[in-house]
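Asker: structure.cif is the file, holding mmCIF, C-alpha atoms:
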data_my_file
#
loop_
_atom_site.group_PDB
_atom_site.id
_atom_site.type_symbol
_atom_site.label_atom_id
_atom_site.label_comp_id
_atom_site.auth_asym_id
_atom_site.auth_seq_id
_atom_site.Cartn_x
_atom_site.Cartn_y
_atom_site.Cartn_z
ATOM 1 C CA MET A 1 6.712 0.935 38.066
ATOM 2 C CA GLN A 2 8.814 3.637 39.748
ATOM 3 C CA HIS A 3 9.138 1.375 42.790
ATOM 4 C CA PHE A 4 11.238 -1.178 40.869
ATOM 5 C CA ARG A 5 13.437 1.230 38.934
ATOM 6 C CA ILE A 6 16.233 1.790 41.490
ATOM 7 C CA PRO A 7 16.652 -1.904 42.436
ATOM 8 C CA PHE A 8 16.642 -2.757 38.750
ATOM 9 C CA ILE A 9 19.341 -0.185 37.956
ATOM 10 C CA VAL A 10 21.447 -1.358 40.896
ATOM 11 C CA ALA A 11 21.086 -4.975 39.792
ATOM 12 C CA LEU A 12 21.996 -4.033 36.220
ATOM 13 C CA LEU A 13 25.104 -2.152 37.337
ATOM 14 C CA LEU A 14 26.115 -5.035 39.602
ATOM 15 C CA PHE A 15 25.662 -7.547 36.771
ATOM 16 C CA THR A 16 27.688 -5.342 34.416
ATOM 17 C CA ALA A 17 30.492 -5.069 36.961
ATOM 18 C CA ILE A 18 30.526 -8.831 37.518
ATOM 19 C CA LEU A 19 30.543 -9.468 33.781
ATOM 20 C CA ALA A 20 33.387 -7.011 33.232
ATOM 21 C CA SER A 21 35.325 -8.603 36.077
ATOM 22 C CA ALA A 22 34.794 -12.085 34.635
ATOM 23 C CA GLN A 23 35.896 -10.945 31.186
ATOM 24 C CA THR A 24 38.966 -9.246 32.633
ATOM 25 C CA HIS A 25 39.844 -12.396 34.538
ATOM 26 C CA ARG A 26 39.320 -14.583 31.481
ATOM 27 C CA ILE A 27 41.687 -12.617 29.266
ATOM 28 C CA SER A 28 44.352 -11.932 31.894
ATOM 29 C CA LEU A 29 47.686 -13.306 30.720
ATOM 30 C CA PRO A 30 50.943 -14.323 32.364
ATOM 31 C CA GLU A 31 53.537 -11.557 32.398
ATOM 32 C CA GLY A 32 55.103 -10.995 29.010
ATOM 33 C CA TRP A 33 52.420 -12.900 27.078
ATOM 34 C CA LEU A 34 50.347 -11.494 24.225
ATOM 35 C CA ASN A 35 47.031 -12.119 22.514
ATOM 36 C CA PHE A 36 47.925 -13.083 18.948
ATOM 37 C CA THR A 37 45.681 -12.728 15.906
ATOM 38 C CA PRO A 38 47.122 -13.624 12.469
ATOM 39 C CA ASP A 39 46.662 -11.529 9.350
ATOM 40 C CA GLY A 40 43.178 -12.269 8.121
ATOM 41 C CA GLY A 41 41.920 -12.553 11.679
ATOM 42 C CA SER A 42 40.634 -16.131 11.761
ATOM 43 C CA PHE A 43 41.381 -16.663 15.471
ATOM 44 C CA SER A 44 43.010 -15.272 18.592
ATOM 45 C CA LEU A 45 45.232 -17.147 21.030
ATOM 46 C CA ALA A 46 47.315 -16.259 24.067
ATOM 47 C CA LEU A 47 50.986 -16.997 23.363
ATOM 48 C CA PRO A 48 54.155 -16.644 25.420
ATOM 49 C CA ALA A 49 55.927 -14.641 22.678
ATOM 50 C CA GLU A 50 55.392 -13.172 19.222
ATOM 51 C CA PRO A 51 55.179 -16.185 16.866
ATOM 52 C CA THR A 52 56.953 -16.844 13.598
ATOM 53 C CA GLY A 53 54.729 -17.875 10.709
ATOM 54 C CA SER A 54 54.865 -19.961 7.552
ATOM 55 C CA GLU A 55 52.407 -21.343 5.018
ATOM 56 C CA GLU A 56 52.307 -24.237 2.576
ATOM 57 C CA THR A 57 49.923 -25.622 -0.011
ATOM 58 C CA MET A 58 48.858 -29.210 0.676
ATOM 59 C CA SER A 59 48.898 -30.175 -2.993
ATOM 60 C CA GLU A 60 49.296 -33.872 -2.224
ATOM 61 C CA VAL A 61 45.868 -33.753 -0.598
ATOM 62 C CA SER A 62 43.968 -31.013 -2.392
ATOM 63 C CA GLN A 63 45.192 -28.561 -5.010
ATOM 64 C CA ASN A 64 44.077 -25.484 -3.064
ATOM 65 C CA MET A 65 44.189 -26.608 0.548
ATOM 66 C CA LYS A 66 46.586 -24.536 2.646
ATOM 67 C CA ALA A 67 48.134 -24.824 6.094
ATOM 68 C CA ALA A 68 49.439 -21.793 7.974
ATOM 69 C CA TYR A 69 51.731 -22.463 10.936
ATOM 70 C CA TYR A 70 52.497 -20.183 13.880
ATOM 71 C CA THR A 71 55.287 -21.043 16.329
ATOM 72 C CA SER A 72 55.776 -19.269 19.644
ATOM 73 C CA MET A 73 58.510 -19.969 22.202
ATOM 74 C CA GLY A 74 58.873 -18.094 25.468
ATOM 75 C CA ASN A 75 59.197 -18.713 29.201
ATOM 76 C CA ASP A 76 60.031 -22.393 28.563
ATOM 77 C CA LEU A 77 56.781 -22.982 26.676
ATOM 78 C CA LEU A 78 56.573 -23.902 22.989
ATOM 79 C CA VAL A 79 53.204 -23.517 21.236
ATOM 80 C CA VAL A 80 52.627 -24.411 17.570
ATOM 81 C CA VAL A 81 49.313 -23.769 15.796
ATOM 82 C CA GLY A 82 48.326 -25.160 12.409
ATOM 83 C CA ASP A 83 45.452 -23.389 10.600
ATOM 84 C CA LEU A 84 44.094 -25.567 7.774
ATOM 85 C CA TYR A 85 41.839 -23.806 5.274
ATOM 86 C CA ASN A 86 40.627 -23.878 1.650
ATOM 87 C CA LEU A 87 39.388 -27.360 2.488
ATOM 88 C CA PRO A 88 37.849 -29.443 -0.313
ATOM 89 C CA ARG A 89 34.535 -29.649 1.545
ATOM 90 C CA PRO A 90 33.002 -28.367 4.810
ATOM 91 C CA PRO A 91 34.745 -29.790 7.890
ATOM 92 C CA GLU A 92 31.383 -30.879 9.296
ATOM 93 C CA GLN A 93 31.197 -33.372 6.429
ATOM 94 C CA PHE A 94 34.493 -34.996 7.366
ATOM 95 C CA SER A 95 34.047 -38.400 8.913
ATOM 96 C CA GLU A 96 35.438 -39.153 12.358
ATOM 97 C CA ALA A 97 38.141 -41.251 10.702
ATOM 98 C CA GLU A 98 39.126 -38.363 8.417
ATOM 99 C CA ARG A 99 39.326 -35.908 11.290
ATOM 100 C CA ARG A 100 41.525 -38.260 13.248
ATOM 101 C CA SER A 101 43.678 -38.872 10.184
ATOM 102 C CA ILE A 102 44.157 -35.109 9.754
ATOM 103 C CA TYR A 103 44.917 -34.735 13.447
ATOM 104 C CA THR A 104 47.371 -37.623 13.609
ATOM 105 C CA ASN A 105 49.292 -36.642 10.511
ATOM 106 C CA PHE A 106 49.584 -32.948 11.309
ATOM 107 C CA ARG A 107 50.329 -33.700 14.957
ATOM 108 C CA ASP A 108 53.128 -36.021 13.909
ATOM 109 C CA GLY A 109 54.405 -33.492 11.382
ATOM 110 C CA LEU A 110 54.569 -30.751 14.002
ATOM 111 C CA THR A 111 56.260 -33.131 16.426
ATOM 112 C CA ARG A 112 58.851 -34.223 13.837
ATOM 113 C CA GLY A 113 59.766 -30.584 13.315
ATOM 114 C CA LEU A 114 60.154 -30.133 17.053
ATOM 115 C CA ILE A 115 62.268 -33.278 17.390
ATOM 116 C CA ALA A 116 64.488 -32.168 14.517
ATOM 117 C CA SER A 117 65.029 -28.763 16.133
ATOM 118 C CA LEU A 118 65.940 -30.347 19.460
ATOM 119 C CA ALA A 119 68.220 -32.891 17.764
ATOM 120 C CA ALA A 120 70.114 -30.028 16.134
ATOM 121 C CA LYS A 121 70.838 -28.811 19.668
ATOM 122 C CA GLY A 122 72.072 -32.217 20.738
ATOM 123 C CA LEU A 123 68.839 -33.433 22.370
ATOM 124 C CA LYS A 124 67.571 -36.730 20.983
ATOM 125 C CA LEU A 125 64.153 -37.314 22.523
ATOM 126 C CA ASN A 126 61.338 -39.796 21.968
ATOM 127 C CA THR A 127 57.691 -38.753 21.796
ATOM 128 C CA THR A 128 54.790 -40.658 23.333
ATOM 129 C CA TYR A 129 51.062 -39.901 23.418
ATOM 130 C CA GLY A 130 48.289 -40.574 25.911
ATOM 131 C CA ASP A 131 44.695 -41.548 25.184
ATOM 132 C CA GLN A 132 42.641 -39.274 22.953
ATOM 133 C CA LYS A 133 39.630 -37.582 24.532
ATOM 134 C CA ASN A 134 36.910 -35.249 23.301
ATOM 135 C CA VAL A 135 37.189 -31.534 24.035
ATOM 136 C CA THR A 136 35.149 -28.376 23.357
ATOM 137 C CA VAL A 137 36.729 -24.910 23.256
ATOM 138 C CA ASP A 138 34.894 -21.737 22.220
ATOM 139 C CA ARG A 139 31.973 -23.931 21.110
ATOM 140 C CA LEU A 140 34.242 -25.811 18.703
ATOM 141 C CA GLU A 141 34.475 -29.560 19.136
ATOM 142 C CA GLY A 142 37.525 -31.723 18.682
ATOM 143 C CA PHE A 143 39.844 -33.997 20.591
ATOM 144 C CA GLU A 144 43.173 -33.869 22.371
ATOM 145 C CA GLN A 145 45.746 -36.008 24.099
ATOM 146 C CA ALA A 146 48.623 -35.574 26.477
ATOM 147 C CA MET A 147 52.081 -35.980 24.989
ATOM 148 C CA THR A 148 55.609 -36.263 26.292
ATOM 149 C CA VAL A 149 58.788 -35.306 24.481
ATOM 150 C CA GLY A 150 61.548 -37.012 26.408
ATOM 151 C CA ARG A 151 60.859 -35.954 29.985
ATOM 152 C CA TYR A 152 58.928 -32.853 28.926
ATOM 153 C CA LYS A 153 55.126 -32.712 29.091
ATOM 154 C CA GLY A 154 52.831 -31.333 26.448
ATOM 155 C CA ARG A 155 49.485 -31.577 24.745
ATOM 156 C CA ALA A 156 48.146 -31.944 21.215
ATOM 157 C CA ARG A 157 44.664 -30.805 20.174
ATOM 158 C CA LEU A 158 42.365 -30.503 17.143
ATOM 159 C CA LEU A 159 39.340 -28.186 16.825
ATOM 160 C CA VAL A 160 36.862 -28.214 13.944
ATOM 161 C CA ALA A 161 35.433 -24.852 12.810
ATOM 162 C CA SER A 162 32.869 -24.100 10.126
ATOM 163 C CA ASP A 163 35.379 -23.575 7.329
ATOM 164 C CA ARG A 164 38.733 -24.739 8.696
ATOM 165 C CA ILE A 165 40.503 -27.053 11.101
ATOM 166 C CA TYR A 166 42.949 -26.026 13.805
ATOM 167 C CA ILE A 167 45.784 -28.192 15.146
ATOM 168 C CA PHE A 168 47.742 -27.326 18.309
ATOM 169 C CA CYS A 169 50.883 -28.711 19.935
ATOM 170 C CA ALA A 170 52.292 -27.335 23.174
ATOM 171 C CA VAL A 171 55.379 -28.551 25.030
ATOM 172 C CA ALA A 172 56.600 -27.228 28.393
ATOM 173 C CA PHE A 173 60.293 -27.373 29.266
ATOM 174 C CA SER A 174 59.798 -26.634 32.972
ATOM 175 C CA ASP A 175 57.174 -27.338 35.625
ATOM 176 C CA SER A 176 56.094 -23.710 35.769
ATOM 177 C CA ALA A 177 55.637 -23.633 32.000
ATOM 178 C CA GLY A 178 53.605 -26.854 32.210
ATOM 179 C CA ARG A 179 51.077 -25.028 34.352
ATOM 180 C CA GLN A 180 50.636 -22.467 31.558
ATOM 181 C CA ILE A 181 49.614 -24.866 28.784
ATOM 182 C CA ASP A 182 45.930 -24.413 29.648
ATOM 183 C CA ALA A 183 46.377 -20.630 29.729
ATOM 184 C CA SER A 184 47.368 -20.760 26.074
ATOM 185 C CA LEU A 185 45.285 -23.530 24.517
ATOM 186 C CA ASN A 186 42.064 -22.717 26.384
ATOM 187 C CA SER A 187 42.303 -19.043 25.422
ATOM 188 C CA PHE A 188 41.542 -19.905 21.788
ATOM 189 C CA GLN A 189 38.728 -17.941 20.168
ATOM 190 C CA GLU A 190 37.460 -18.130 16.617
ATOM 191 C CA ILE A 191 36.987 -14.624 15.202
ATOM 192 C CA GLY A 192 33.647 -14.576 13.455
ATOM 193 C CA ARG A 193 31.710 -17.636 12.424
ATOM 194 C CA ARG A 194 32.515 -18.152 8.795
ATOM 195 C CA LYS A 195 30.261 -20.095 6.476
ATOM 196 C CA TYR A 196 32.003 -22.565 4.204
ATOM 197 C CA THR A 197 31.867 -21.190 0.656
ATOM 198 C CA PRO A 198 33.646 -23.427 -1.867
ATOM 199 C CA ALA A 199 35.432 -21.845 -4.814
ATOM 200 C CA ALA A 200 34.113 -22.824 -8.230
ATOM 201 C CA LEU A 201 35.451 -26.288 -9.012
ATOM 202 C CA ARG A 202 38.036 -25.854 -6.285
ATOM 203 C CA ASP A 203 39.035 -29.479 -6.564
ATOM 204 C CA VAL A 204 37.612 -32.964 -6.516
ATOM 205 C CA ALA A 205 39.765 -34.445 -3.779
ATOM 206 C CA VAL A 206 38.022 -36.911 -1.510
ATOM 207 C CA LEU A 207 39.987 -37.090 1.700
ATOM 208 C CA SER A 208 38.787 -40.561 2.597
ATOM 209 C CA GLU A 209 40.267 -41.800 -0.666
ATOM 210 C CA ARG A 210 43.433 -39.738 -0.394
ATOM 211 C CA PRO A 211 44.529 -40.127 3.206
ATOM 212 C CA PHE A 212 47.153 -37.885 4.773
#
Starting from the file, give its structure as C-alpha cells.
Answerer:
Amino acid sequence: MQHFRIPFIVALLLFTAILASAQTHRISLPEGWLNFTPDGGSFSLALPAEPTGSEETMSEVSQNMKAAYYTSMGNDLLVVVGDLYNLPRPPEQFSEAERRSIYTNFRDGLTRGLIASLAAKGLKLNTTYGDQKNVTVDRLEGFEQAMTVGRYKGRARLLVASDRIYIFCAVAFSDSAGRQIDASLNSFQEIGRRKYTPAALRDVAVLSERPF
C-alpha cells in the first residue's frame, strides 16, 4: 500500500491544482466587471457595472407573483435580468406554450423599456429577433435567440429554475462589447436549489387561461 501513496498524493495535488486553475479561469472577468448577487441570493451573474434594481407585482397574472429587474450598463454593454418568483405553480409544470408566452412577453417588455430609453436620447431603433433555440446554463434549461436593436447586436434568454424563471436581455453597443455577451450570460449560477413551496391558497391563477 505504501508503494502507491506518493503517486496518489502527487496525482491528487495535480488534480487539485488543475481544478483550481479551471475554476479561476471560469470566474475571471473583464476589467471593471463584478459578480453580482441580489439581496436574497437567488443567483449570481457577471455584470459590467453595479446594476440598478426594481420590483413589481404581476397582479394581472397572479395576485402574489413578483418580478425583480436588475439593469447594468458599462463598457458599451447593457444587461437586464428579470427574476420571476412567487409563481402560482412550479415552473416544471408550465407547458412549453406557457414558458414561451412568459419569455416573449417579458422579453418584449424589457425591449420596450430599452427602446423608450434610447428614443429619449434621440435614437429611434427597430428590434428584430432570430430563431429561438434551446439552451442549458448551470443545469437549467431554457431557450434563447439573437436580437438586434437597430444596428446593435444582442441576445434574449429564458432559464427555468425549480421555483422561479429568469429572463435576460443583453445588447452590445460596440463590437468589443458584443464579444462580452457570453461572458455575462454564461456566467449565470443559481445559488442553492430551492424546492417550490406554495403559500397557503396563494392564488388560483392558471397561466394557460390568463396569458401574459
Asker: Using the chain letters and numbers from this file, what does the PyMOL selection byres ((chain A and resi 163) around 6) select? Give the answer as number ranges by chain.
Answerer: A: 90, 161-162, 164, 196
Asker: Just say which residues the PyMOL selection byres ((chain A and resi 87) around 8) picks in this file, as a PyMOL selection string.
Answerer: chain A and resi 62+64-66+84-86+88-91+163-164
Asker: Return as JSON, numbers by chain the set of residues that the PyMOL selection byres ((chain A and resi 106-115) around 9) yields on the displayed structure.
Answerer: {"A": [80, 81, 82, 101, 102, 103, 104, 105, 116, 117, 118, 119, 120, 123, 124, 125, 126, 127, 149, 156, 157, 158, 167, 168, 169, 212]}
Asker: To one decimal place in Å, what is the distance between atom CA of Tyr70 of chain A and atom CA of Ala172 of chain A?
Answerer: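 According to the coordinates, atom CA of Tyr70 of chain A and atom CA of Ala172 of chain A are separated by 16.6 Å.
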Asker: To one decimal in Å, tell me the separation between atom CA of Phe173 of chain A and atom CA of Gln132 of chain A.
Answerer: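 Computing the Euclidean distance for atom CA of Phe173 of chain A and atom CA of Gln132 of chain A yields 22.2 Å.
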Asker: Taking 3 positions as the minimum chain separation for residues in the same chain, which residues sit within 10 Å of Gly192 of chain A when counting only C-alpha atoms? Answer as an MDAnalysis selection string.
Answerer: chainID A and resid 41:43 189 195
Asker: Deliver the residues from the most recent selection as a file, using C-alpha atoms, as a PDB file, keeping the file's coordinate frame.
Answerer:
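Output (result08.pdb):
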ATOM      1  CA  GLY A  41      41.920 -12.553  11.679  1.00  0.00           C
ATOM      2  CA  SER A  42      40.634 -16.131  11.761  1.00  0.00           C
ATOM      3  CA  PHE A  43      41.381 -16.663  15.471  1.00  0.00           C
ATOM      4  CA  GLN A 189      38.728 -17.941  20.168  1.00  0.00           C
ATOM      5  CA  LYS A 195      30.261 -20.095   6.476  1.00  0.00           C
TER       6      LYS A 195
END
Asker: At what distance in Å, to one decimal, does atom CA of Asn134 of chain A lie from atom CA of Arg99 of chain A?
Answerer: 12.3 Å
Asker: Pick out the closest residue to Tyr152 of chain A from this set: A:Glu56, A:Asp76, A:Glu92, A:Asp83. Count all atoms listed in the file.
Answerer: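 Ranking A:Glu56, A:Asp76, A:Glu92, A:Asp83 by distance to Tyr152 of chain A, first place goes to A:Asp76.
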Asker: Could you pull the residues within 6 Å of Val171 of chain A, counting only C-alpha atoms, minus those fewer than 2 positions along the same chain, as a VMD selection string?
Answerer: chain A and resid 77 to 78 153 to 154
Asker: Taking C-alpha atoms for each residue, export the selection above as a PDB file, in the coordinates of the input.
Answerer:
ATOM      1  CA  LEU A  77      56.781 -22.982  26.676  1.00  0.00           C
ATOM      2  CA  LEU A  78      56.573 -23.902  22.989  1.00  0.00           C
ATOM      3  CA  LYS A 153      55.126 -32.712  29.091  1.00  0.00           C
ATOM      4  CA  GLY A 154      52.831 -31.333  26.448  1.00  0.00           C
TER       5      GLY A 154
END
Asker: Which one is closest to Leu185 of chain A: A:Gly53, A:Gly74, A:Pro48, A:Gly130? Count only C-alpha atoms.
Answerer: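 Using only C-alpha atoms, Leu185 of chain A sits closest to A:Pro48.
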Asker: My list of candidates is A:Asn186, A:Thr57, A:Asn35, A:Gln180. Which is closest to Glu144 of chain A when distances are computed with all atoms listed in the file?
Answerer: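 Closest to Glu144 of chain A of all the choices is A:Asn186.
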Asker: Calculated over only C-alpha atoms, which of the candidates A:Thr148, A:Gln63, A:Thr52, A:Ser44 has the smallest distance to Ser184 of chain A?
Answerer: A:Ser44
Asker: Which of these residues is nearest to Met147 of chain A, using all atoms listed in the file: A:Tyr129, A:Trp33, A:Tyr166, A:Phe188?
Answerer: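 The answer is A:Tyr129, which sits nearest to Met147 of chain A.
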Asker: Nearest to Val79 of chain A: which of A:Ile165, A:Ile191, A:Leu45, A:Leu29 is it, counting only C-alpha atoms?
Answerer: A:Leu45
Asker: As a compact mmCIF listing (two decimals), in the frame of the given file, could you write out segment 166-182 of chain A once it has been completed with N, CA and C atoms?
Answerer:
# COMPACT_ATOMS: atom_id res chain seq x y z
N TYR A 166 41.79 -26.52 13.07
CA TYR A 166 42.95 -26.03 13.80
C TYR A 166 43.64 -27.18 14.52
N ILE A 167 44.96 -27.20 14.45
CA ILE A 167 45.78 -28.19 15.15
C ILE A 167 46.73 -27.45 16.10
N PHE A 168 46.88 -27.97 17.31
CA PHE A 168 47.74 -27.33 18.31
C PHE A 168 48.70 -28.35 18.90
N CYS A 169 49.93 -27.93 19.15
CA CYS A 169 50.88 -28.71 19.93
C CYS A 169 51.57 -27.76 20.90
N ALA A 170 51.62 -28.15 22.17
CA ALA A 170 52.29 -27.34 23.17
C ALA A 170 53.20 -28.24 24.00
N VAL A 171 54.42 -27.79 24.23
CA VAL A 171 55.38 -28.55 25.03
C VAL A 171 56.01 -27.60 26.05
N ALA A 172 56.03 -28.03 27.32
CA ALA A 172 56.60 -27.23 28.39
C ALA A 172 57.95 -27.80 28.80
N PHE A 173 58.94 -26.94 28.93
CA PHE A 173 60.29 -27.37 29.27
C PHE A 173 60.65 -27.09 30.73
N SER A 174 59.63 -26.78 31.53
CA SER A 174 59.80 -26.63 32.97
C SER A 174 58.44 -26.85 33.62
N ASP A 175 58.43 -27.12 34.92
CA ASP A 175 57.17 -27.34 35.62
C ASP A 175 56.29 -26.10 35.60
N SER A 176 56.89 -24.94 35.78
CA SER A 176 56.09 -23.71 35.77
C SER A 176 55.46 -23.48 34.40
N ALA A 177 56.19 -23.78 33.34
CA ALA A 177 55.64 -23.63 32.00
C ALA A 177 54.51 -24.64 31.77
N GLY A 178 54.64 -25.84 32.35
CA GLY A 178 53.60 -26.85 32.21
C GLY A 178 52.27 -26.38 32.75
N ARG A 179 52.32 -25.54 33.76
CA ARG A 179 51.08 -25.03 34.35
C ARG A 179 50.45 -23.95 33.48
N GLN A 180 51.16 -23.51 32.43
CA GLN A 180 50.64 -22.47 31.56
C GLN A 180 50.07 -23.00 30.24
N ILE A 181 50.14 -24.31 30.04
CA ILE A 181 49.61 -24.87 28.78
C ILE A 181 48.13 -24.54 28.63
N ASP A 182 47.36 -24.73 29.71
CA ASP A 182 45.93 -24.41 29.65
C ASP A 182 45.70 -22.93 29.36
